[in-house]
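Below: one structure, written as structure tokens.
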Amino acid sequence: MMLLRAIEQTFCKLQEPSLDQLKAALQSIDCLLHNVPDYKTEPQQLSYGRNVIYSTKNLEVIVIHIPASGSTAIHNHGSSVGTACLIKGSLVNTKFLLDSEGYPIAQADDFIRAGEYFEAPREQIHQLSNPFHEPAISVHVYSPPLDNVKRYLPYSEVLDYVI
């Protein structure tokens with residue numbers, strides 16, 4: 001309960017925050033983030049658990065749970081920027097660029113450990129994966145709230161028939 005109160009008190013003040021402001025706000029409640037796993041959910045429609053624990057017209061705070069050997073789809077965040085802190089486990093954040101046909105091509109992998117912060121600048125295309133044996137739990141803050149998120153399929157997953 002203290003975590004939710006701290007999130008509300010910290011984030012209710014932010015109007016159209018920048019990426020740096022989001023990160024600073026999340027870091028300011030760092031001492032309470034150990035409570036984030038209490039809010040994790042198991043995967044249902046997605047391959048990972050997703051629980052919105054705070055939302056306003058300006059931003060949203062989401063707890064993400066990626067089980068062992070799980071991943072998100074390759075995606076962007078629409079017009080939102082975001083920052084996150086990995087609370088438990090480890091993740092690989094793969095960043096992509098689009099080829100001339102609009103298919104994602106992996107460019108770089110960042111290894112993220114528990115306690116580390118990472119960012120999702122506007123227009124970034126990425127995928128979070130957990131190739132490890134322990135679940136990964138993170139808390140994410142996006143502004144504005146996520147909308148118009150686009151998923152990308154790699155060319156290898158698209159059937160291309162010539163008739």
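We name chains A, B, ... following the order of the structure tokens; residues begin at 1 in each chain, and ligands are numbered from 1 as shown.
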
DSSP alpha helix (DSSP H) residues within stretch 20-155 of chain A, as a tab-separated table (two decimals) with N, CA, C and O atoms, in the first residue's frame:
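The file below, out.tsv, is the result:
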chain	number	residue	atom	x	y	z
A	20	ASP	N	13.52	12.20	-18.92
A	20	ASP	CA	14.36	12.44	-17.74
A	20	ASP	C	13.52	12.65	-16.48
A	20	ASP	O	13.88	12.17	-15.41
A	21	GLN	N	12.40	13.36	-16.61
A	21	GLN	CA	11.53	13.58	-15.45
A	21	GLN	C	10.88	12.28	-14.99
A	21	GLN	O	10.75	12.05	-13.78
A	22	LEU	N	10.49	11.44	-15.92
A	22	LEU	CA	9.91	10.14	-15.56
A	22	LEU	C	10.91	9.30	-14.80
A	22	LEU	O	10.60	8.69	-13.77
A	23	LYS	N	12.14	9.26	-15.33
A	23	LYS	CA	13.18	8.46	-14.69
A	23	LYS	C	13.50	9.00	-13.29
A	23	LYS	O	13.61	8.23	-12.34
A	24	ALA	N	13.63	10.31	-13.15
A	24	ALA	CA	13.93	10.91	-11.84
A	24	ALA	C	12.80	10.61	-10.85
A	24	ALA	O	13.07	10.30	-9.68
A	25	ALA	N	11.56	10.68	-11.30
A	25	ALA	CA	10.43	10.40	-10.42
A	25	ALA	C	10.45	8.94	-9.97
A	25	ALA	O	10.25	8.64	-8.79
A	26	LEU	N	10.70	8.02	-10.90
A	26	LEU	CA	10.75	6.60	-10.54
A	26	LEU	C	11.92	6.34	-9.58
A	26	LEU	O	11.77	5.62	-8.59
A	27	GLN	N	13.05	6.94	-9.85
A	27	GLN	CA	14.21	6.76	-8.96
A	27	GLN	C	13.95	7.34	-7.57
A	27	GLN	O	14.49	6.84	-6.60
A	28	SER	N	13.11	8.35	-7.47
A	28	SER	CA	12.84	8.97	-6.17
A	28	SER	C	12.09	8.04	-5.22
A	28	SER	O	12.11	8.24	-4.02

Can you pull out every residue within 10 Å of A:Leu146, counting only C-alpha atoms, but drop anything in the same chain fewer than 2 positions away, and send it as a VMD selection string? chain A and resid 59 to 60 76 to 82 141 to 144 148 to 149

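The space between atom CA of A:Ser100 and atom CA of A:Ala120 spans 22.9 Å.
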
Can you tell me, as a list in words, what residues are no more than 7 Å from A:Ala114 when counting only C-alpha atoms, ignoring any on the same chain fewer than 3 positions away? Leu86, Ile87, Lys88, Gly89 and Ser90 of chain A

Kindly indicate which residue among A:Asp38, A:Glu8, A:Asp99, A:Asp30 lies nearest to A:Ser55, using only C-alpha atoms for the distances. A:Glu8

Where in stretch 28-140 of chain A does DSSP assign strand (DSSP E or B), given as an NGL selection string? :A and (49-55 or 60-66 or 70-71 or 74-75 or 81-88 or 90-98 or 104-113 or 117-120 or 125-130 or 136-140)
